[in-house]
Amino acid sequence: MPAQLTRLPATASVADVTAVLERDGGVIVEDLVDGTTLKGLWHDLGPALDAAGYGDSAFTGHRTKRISSLFARSRHMARIALDPLYLGAARELIERPADDWFGRELAGLAPNVQVSITQAIQIWPGETPQVPHRDDVAHLLPCPGPTNRVQVMVAMSEFTEENGATMVYPGSHTWERDRVPRPEEAVPAEMDPGSCLIWVGGLFHGGGANLADEPRTGLTLALVRGNLRQEENQYLAVPREIVREYPEELQRLLGYGLCPPFLGWYEQRDPNVLLHGD
């Protein structure tokens, strides 16, 4: 029998979530998102999902709808990105210092985190399984290795094995490069609306086949090291006037901030200045 995904309550600590992610590569946090936020996300994103077409490849799904630019579409995304448990775990795993010489001093330099990708994903009846993959492939990163990406999938509808729940391969973030995932090792991330799956970039996973009569809908957001390129270009996806509406912490997560020691400046200044005045 394959391993099962660990489930934690929304009251769990960042240390609890981080420990499970380091061990298993993925964890389900139950009831992380409140009903009001979920309703707001459906209000903002539902019409766009209804109007979206299906994917055009086996990877994106011939019976799967996807929309992006979610921070431009819904201000409720701030609740997801700034969730203390998710953001805290991402920072704990990614913002780890590495010693390097800076002049005559040995400095502990650590990156920050930034938003990489946002998508609402709706898998419709008749969809086939997505190929298992690691999200770290977007940055051509070797595995196993340090954590460079932490992603969340919020269940906007019920996730079951029958309706296409994300299939996860627990522990695969520690596998050597030539270790191929086998179908019998996959575990469905079954969860109720408002619960979420959090996983690291080195974990094998993929969308499941939908054998049910209704679509299943999830919302995903990835945070990556600030010195990696964003997978979704947030500067184009989110107009600056909308970025100004968000709190400064989220503005910086969207890229309007510096990554230590000195990446991302504008005119040798913190780029957050562009959001305040002329």
# chains A, B, ... in the order shown; residues from 1 in each chain; ligands from 1
call {"tool": "select_by_dssp", "arguments": {"residues": "region 96-156 of chain A", "states": "helix (DSSP H, G or I)", "output": "list in words"}}
result
Asp135, Asp136, Val137, Ala138 and His139 of chain A
call {"tool": "write_last_selection", "arguments": {"atoms": "all heavy atoms", "output": "tab-separated table (two decimals), in the first residue's frame"}}
result
chain	number	residue	atom	x	y	z
A	135	ASP	N	7.49	20.28	-10.17
A	135	ASP	CA	7.39	21.68	-10.59
A	135	ASP	C	8.76	22.35	-10.69
A	135	ASP	O	8.91	23.35	-11.39
A	135	ASP	CB	6.50	22.45	-9.61
A	135	ASP	CG	5.05	22.03	-9.73
A	135	ASP	OD1	4.60	21.74	-10.86
A	135	ASP	OD2	4.35	21.98	-8.70
A	136	ASP	N	9.77	21.79	-10.03
A	136	ASP	CA	11.12	22.35	-10.12
A	136	ASP	C	11.66	22.28	-11.55
A	136	ASP	O	12.64	22.96	-11.86
A	136	ASP	CB	12.08	21.61	-9.18
A	136	ASP	CG	12.07	22.19	-7.77
A	136	ASP	OD1	11.44	23.26	-7.57
A	136	ASP	OD2	12.68	21.58	-6.88
A	137	VAL	N	11.04	21.47	-12.40
A	137	VAL	CA	11.51	21.37	-13.79
A	137	VAL	C	11.38	22.71	-14.50
A	137	VAL	O	12.10	22.99	-15.45
A	137	VAL	CB	10.72	20.27	-14.55
A	137	VAL	CG1	9.29	20.70	-14.84
A	137	VAL	CG2	11.43	19.90	-15.85
A	138	ALA	N	10.48	23.58	-14.03
A	138	ALA	CA	10.31	24.90	-14.65
A	138	ALA	C	11.61	25.70	-14.59
A	138	ALA	O	11.88	26.51	-15.48
A	138	ALA	CB	9.19	25.68	-13.96
A	139	HIS	N	12.41	25.47	-13.55
A	139	HIS	CA	13.67	26.19	-13.40
A	139	HIS	C	14.88	25.28	-13.66
A	139	HIS	O	16.02	25.65	-13.34
A	139	HIS	CB	13.76	26.79	-12.00
A	139	HIS	CG	12.77	27.89	-11.77
A	139	HIS	ND1	11.61	27.70	-11.04
A	139	HIS	CD2	12.73	29.18	-12.18
A	139	HIS	CE1	10.92	28.83	-11.01
A	139	HIS	NE2	11.57	29.73	-11.70
call {"tool": "residues_around", "arguments": {"residues": "region 208-212 of chain A", "least_positions_apart": "5", "cutoff": "6 Å", "atoms": "only C-alpha atoms", "output": "list in words"}}
result
Pro125, Gly126, Glu127, Thr128, Pro129, Glu162, Asn163, Gly164, Ala165, Thr166 and Met167 of chain A
call {"tool": "write_last_selection", "arguments": {"atoms": "all heavy atoms", "output": "short mmCIF file (atom, residue, chain, number, x, y, z; two decimals), in the first residue's frame"}}
result
data_model
loop_
_atom_site.label_atom_id
_atom_site.label_comp_id
_atom_site.auth_asym_id
_atom_site.auth_seq_id
_atom_site.Cartn_x
_atom_site.Cartn_y
_atom_site.Cartn_z
N PRO A 125 -15.30 16.09 -16.29
CA PRO A 125 -15.49 14.65 -16.54
C PRO A 125 -14.90 14.24 -17.89
O PRO A 125 -15.01 14.96 -18.88
CB PRO A 125 -17.01 14.50 -16.54
CG PRO A 125 -17.49 15.60 -15.64
CD PRO A 125 -16.56 16.75 -15.90
N GLY A 126 -14.25 13.10 -17.87
CA GLY A 126 -13.62 12.59 -19.08
C GLY A 126 -12.15 12.90 -19.19
O GLY A 126 -11.47 12.38 -20.08
N GLU A 127 -11.63 13.76 -18.28
CA GLU A 127 -10.20 14.06 -18.32
C GLU A 127 -9.38 12.85 -17.90
O GLU A 127 -9.79 12.06 -17.04
CB GLU A 127 -9.89 15.25 -17.39
CG GLU A 127 -8.42 15.69 -17.42
CD GLU A 127 -7.98 16.13 -18.80
OE1 GLU A 127 -7.64 15.23 -19.62
OE2 GLU A 127 -7.98 17.34 -19.07
N THR A 128 -8.23 12.68 -18.54
CA THR A 128 -7.32 11.58 -18.23
C THR A 128 -6.24 12.06 -17.26
O THR A 128 -6.07 13.27 -17.07
CB THR A 128 -6.68 11.05 -19.52
OG1 THR A 128 -6.04 12.14 -20.20
CG2 THR A 128 -7.75 10.45 -20.44
N PRO A 129 -5.50 11.15 -16.64
CA PRO A 129 -4.49 11.57 -15.66
C PRO A 129 -3.40 12.43 -16.30
O PRO A 129 -2.96 12.17 -17.42
CB PRO A 129 -3.92 10.25 -15.15
CG PRO A 129 -4.91 9.21 -15.50
CD PRO A 129 -5.57 9.68 -16.75
N GLU A 162 -12.16 9.96 -7.39
CA GLU A 162 -12.99 9.75 -8.57
C GLU A 162 -13.07 10.99 -9.46
O GLU A 162 -13.11 10.89 -10.68
CB GLU A 162 -14.40 9.33 -8.16
CG GLU A 162 -15.30 8.99 -9.34
CD GLU A 162 -16.73 8.67 -8.93
OE1 GLU A 162 -17.14 9.08 -7.84
OE2 GLU A 162 -17.43 8.00 -9.71
N ASN A 163 -13.07 12.19 -8.83
CA ASN A 163 -13.29 13.39 -9.65
C ASN A 163 -12.02 14.13 -10.05
O ASN A 163 -12.08 15.25 -10.55
CB ASN A 163 -14.28 14.34 -8.96
CG ASN A 163 -13.67 15.11 -7.79
OD1 ASN A 163 -12.48 15.04 -7.51
ND2 ASN A 163 -14.52 15.84 -7.08
N GLY A 164 -10.85 13.52 -9.84
CA GLY A 164 -9.62 14.13 -10.35
C GLY A 164 -8.76 14.80 -9.32
O GLY A 164 -7.99 15.72 -9.65
N ALA A 165 -8.85 14.39 -8.07
CA ALA A 165 -7.96 14.96 -7.04
C ALA A 165 -6.50 14.83 -7.46
O ALA A 165 -6.11 13.88 -8.15
CB ALA A 165 -8.18 14.23 -5.71
N THR A 166 -5.70 15.81 -7.06
CA THR A 166 -4.28 15.77 -7.35
C THR A 166 -3.67 14.47 -6.82
O THR A 166 -3.90 14.10 -5.67
CB THR A 166 -3.56 16.97 -6.71
OG1 THR A 166 -4.21 18.17 -7.13
CG2 THR A 166 -2.09 17.02 -7.11
N MET A 167 -2.90 13.80 -7.66
CA MET A 167 -2.24 12.56 -7.27
C MET A 167 -0.81 12.89 -6.84
O MET A 167 -0.06 13.54 -7.57
CB MET A 167 -2.24 11.56 -8.42
CG MET A 167 -3.63 11.21 -8.93
SD MET A 167 -4.72 10.48 -7.67
CE MET A 167 -3.92 8.88 -7.45
#
call {"tool": "atom_distance", "arguments": {"atom1": "CA of Ala222 (chain A)", "atom2": "CA of Val115 (chain A)"}}
result
6.0 Å
call {"tool": "closest_residue", "arguments": {"among": "A:Ala110, A:Met77, A:Leu21, A:Leu70", "to": "Gln151 (chain A)", "atoms": "only C-alpha atoms"}}
result
A:Leu21
call {"tool": "select_by_dssp", "arguments": {"residues": "region 123-278 of chain A", "states": "strand (DSSP E)", "output": "VMD selection string"}}
result
chain A and resid 123 149 to 155 167 to 168 187 to 188 196 to 200 205 to 206 216 to 225
call {"tool": "closest_residue", "arguments": {"among": "A:Phe159, A:Tyr256, A:Trp101, A:Trp199", "to": "His173 (chain A)", "atoms": "only C-alpha atoms"}}
result
A:Trp199
call {"tool": "residues_around", "arguments": {"residues": "Glu22 (chain A)", "least_positions_apart": "6", "cutoff": "12 Å", "atoms": "only C-alpha atoms", "output": "count of residues only"}}
result
23
call {"tool": "residues_around", "arguments": {"residues": "region 223-228 of chain A", "least_positions_apart": "3", "cutoff": "6 Å", "atoms": "only C-alpha atoms", "output": "list in words"}}
result
Pro111, Asn112, Val113, Gln114, Val115, Ser116, Asn148, Arg149, Val150 and Cys259 of chain A
call {"tool": "write_last_selection", "arguments": {"atoms": "all heavy atoms", "output": "PDB file, in the first residue's frame"}}
result
ATOM      1  N   PRO A 111      17.929  34.193   0.366  1.00  0.00           N
ATOM      2  CA  PRO A 111      16.961  34.813  -0.545  1.00  0.00           C
ATOM      3  C   PRO A 111      15.642  35.055   0.185  1.00  0.00           C
ATOM      4  O   PRO A 111      15.413  34.519   1.274  1.00  0.00           O
ATOM      5  CB  PRO A 111      16.787  33.749  -1.631  1.00  0.00           C
ATOM      6  CG  PRO A 111      16.950  32.456  -0.884  1.00  0.00           C
ATOM      7  CD  PRO A 111      18.014  32.735   0.154  1.00  0.00           C
ATOM      8  N   ASN A 112      14.779  35.851  -0.411  1.00  0.00           N
ATOM      9  CA  ASN A 112      13.411  35.936   0.080  1.00  0.00           C
ATOM     10  C   ASN A 112      12.524  35.079  -0.833  1.00  0.00           C
ATOM     11  O   ASN A 112      13.038  34.309  -1.652  1.00  0.00           O
ATOM     12  CB  ASN A 112      12.931  37.390   0.145  1.00  0.00           C
ATOM     13  CG  ASN A 112      13.028  38.101  -1.196  1.00  0.00           C
ATOM     14  OD1 ASN A 112      13.249  37.473  -2.231  1.00  0.00           O
ATOM     15  ND2 ASN A 112      12.868  39.413  -1.182  1.00  0.00           N
ATOM     16  N   VAL A 113      11.214  35.191  -0.696  1.00  0.00           N
ATOM     17  CA  VAL A 113      10.307  34.436  -1.557  1.00  0.00           C
ATOM     18  C   VAL A 113       9.488  35.407  -2.399  1.00  0.00           C
ATOM     19  O   VAL A 113       9.303  36.575  -2.026  1.00  0.00           O
ATOM     20  CB  VAL A 113       9.362  33.507  -0.758  1.00  0.00           C
ATOM     21  CG1 VAL A 113      10.147  32.448  -0.020  1.00  0.00           C
ATOM     22  CG2 VAL A 113       8.484  34.307   0.195  1.00  0.00           C
ATOM     23  N   GLN A 114       8.994  34.922  -3.528  1.00  0.00           N
ATOM     24  CA  GLN A 114       8.158  35.728  -4.402  1.00  0.00           C
ATOM     25  C   GLN A 114       7.110  34.835  -5.055  1.00  0.00           C
ATOM     26  O   GLN A 114       7.274  33.613  -5.143  1.00  0.00           O
ATOM     27  CB  GLN A 114       8.996  36.396  -5.490  1.00  0.00           C
ATOM     28  CG  GLN A 114       9.673  35.410  -6.424  1.00  0.00           C
ATOM     29  CD  GLN A 114      10.446  36.046  -7.549  1.00  0.00           C
ATOM     30  OE1 GLN A 114      10.205  37.185  -7.907  1.00  0.00           O
ATOM     31  NE2 GLN A 114      11.383  35.310  -8.129  1.00  0.00           N
ATOM     32  N   VAL A 115       6.024  35.443  -5.509  1.00  0.00           N
ATOM     33  CA  VAL A 115       4.987  34.717  -6.225  1.00  0.00           C
ATOM     34  C   VAL A 115       5.516  34.297  -7.584  1.00  0.00           C
ATOM     35  O   VAL A 115       6.108  35.099  -8.311  1.00  0.00           O
ATOM     36  CB  VAL A 115       3.727  35.590  -6.403  1.00  0.00           C
ATOM     37  CG1 VAL A 115       2.717  34.897  -7.322  1.00  0.00           C
ATOM     38  CG2 VAL A 115       3.089  35.891  -5.051  1.00  0.00           C
ATOM     39  N   SER A 116       5.313  33.028  -7.937  1.00  0.00           N
ATOM     40  CA  SER A 116       5.755  32.529  -9.232  1.00  0.00           C
ATOM     41  C   SER A 116       4.593  32.294 -10.188  1.00  0.00           C
ATOM     42  O   SER A 116       4.617  32.742 -11.320  1.00  0.00           O
ATOM     43  CB  SER A 116       6.544  31.219  -9.060  1.00  0.00           C
ATOM     44  OG  SER A 116       6.987  30.744 -10.321  1.00  0.00           O
ATOM     45  N   ASN A 148      13.289  25.046  -3.277  1.00  0.00           N
ATOM     46  CA  ASN A 148      13.268  26.313  -3.996  1.00  0.00           C
ATOM     47  C   ASN A 148      11.852  26.808  -4.270  1.00  0.00           C
ATOM     48  O   ASN A 148      11.672  27.938  -4.689  1.00  0.00           O
ATOM     49  CB  ASN A 148      13.990  26.162  -5.338  1.00  0.00           C
ATOM     50  CG  ASN A 148      15.440  25.806  -5.184  1.00  0.00           C
ATOM     51  OD1 ASN A 148      16.258  26.648  -4.832  1.00  0.00           O
ATOM     52  ND2 ASN A 148      15.793  24.553  -5.439  1.00  0.00           N
ATOM     53  N   ARG A 149      10.870  25.933  -4.039  1.00  0.00           N
ATOM     54  CA  ARG A 149       9.480  26.254  -4.369  1.00  0.00           C
ATOM     55  C   ARG A 149       8.550  25.567  -3.380  1.00  0.00           C
ATOM     56  O   ARG A 149       8.740  24.394  -3.056  1.00  0.00           O
ATOM     57  CB  ARG A 149       9.195  25.773  -5.792  1.00  0.00           C
ATOM     58  CG  ARG A 149       7.764  25.948  -6.291  1.00  0.00           C
ATOM     59  CD  ARG A 149       7.698  25.484  -7.731  1.00  0.00           C
ATOM     60  NE  ARG A 149       6.379  25.598  -8.333  1.00  0.00           N
ATOM     61  CZ  ARG A 149       6.155  26.059  -9.558  1.00  0.00           C
ATOM     62  NH1 ARG A 149       7.158  26.452 -10.311  1.00  0.00           N
ATOM     63  NH2 ARG A 149       4.938  26.115 -10.052  1.00  0.00           N
ATOM     64  N   VAL A 150       7.552  26.304  -2.914  1.00  0.00           N
ATOM     65  CA  VAL A 150       6.506  25.747  -2.062  1.00  0.00           C
ATOM     66  C   VAL A 150       5.167  26.197  -2.649  1.00  0.00           C
ATOM     67  O   VAL A 150       4.945  27.390  -2.835  1.00  0.00           O
ATOM     68  CB  VAL A 150       6.630  26.211  -0.599  1.00  0.00           C
ATOM     69  CG1 VAL A 150       5.505  25.621   0.243  1.00  0.00           C
ATOM     70  CG2 VAL A 150       7.989  25.791  -0.021  1.00  0.00           C
ATOM     71  N   CYS A 259      15.471  41.252  -3.548  1.00  0.00           N
ATOM     72  CA  CYS A 259      15.913  39.957  -3.048  1.00  0.00           C
ATOM     73  C   CYS A 259      17.353  40.104  -2.590  1.00  0.00           C
ATOM     74  O   CYS A 259      18.211  40.494  -3.386  1.00  0.00           O
ATOM     75  CB  CYS A 259      15.818  38.889  -4.141  1.00  0.00           C
ATOM     76  SG  CYS A 259      16.451  37.271  -3.605  1.00  0.00           S
TER      77      CYS A 259
END
call {"tool": "closest_residue", "arguments": {"among": "A:Ile67, A:Ile117, A:Ala12, A:Leu38", "to": "Ala51 (chain A)", "atoms": "only C-alpha atoms"}}
result
A:Ile67
call {"tool": "residues_around", "arguments": {"residues": "Leu258 (chain A)", "least_positions_apart": "6", "cutoff": "7 Å", "atoms": "only C-alpha atoms", "output": "list in words"}}
result
Gly264, Trp265 and Asp270 of chain A
call {"tool": "write_last_selection", "arguments": {"atoms": "N, CA, C and O atoms", "output": "mmCIF file, in the first residue's frame"}}
result
data_model
loop_
_atom_site.group_PDB
_atom_site.id
_atom_site.type_symbol
_atom_site.label_atom_id
_atom_site.label_comp_id
_atom_site.auth_asym_id
_atom_site.auth_seq_id
_atom_site.Cartn_x
_atom_site.Cartn_y
_atom_site.Cartn_z
ATOM 1 N N GLY A 264 16.946 42.927 -8.233
ATOM 2 C CA GLY A 264 15.643 43.494 -8.530
ATOM 3 C C GLY A 264 15.514 44.989 -8.317
ATOM 4 O O GLY A 264 14.403 45.506 -8.309
ATOM 5 N N TRP A 265 16.632 45.711 -8.187
ATOM 6 C CA TRP A 265 16.521 47.140 -7.911
ATOM 7 C C TRP A 265 16.083 47.924 -9.149
ATOM 8 O O TRP A 265 16.185 47.475 -10.285
ATOM 9 N N ASP A 270 15.036 50.473 -3.988
ATOM 10 C CA ASP A 270 14.010 49.469 -3.762
ATOM 11 C C ASP A 270 12.862 49.746 -4.735
ATOM 12 O O ASP A 270 12.305 50.846 -4.762
#
call {"tool": "closest_residue", "arguments": {"among": "A:Arg177, A:Arg23, A:Arg229, A:His276", "to": "Leu263 (chain A)", "atoms": "only C-alpha atoms"}}
result
A:Arg229
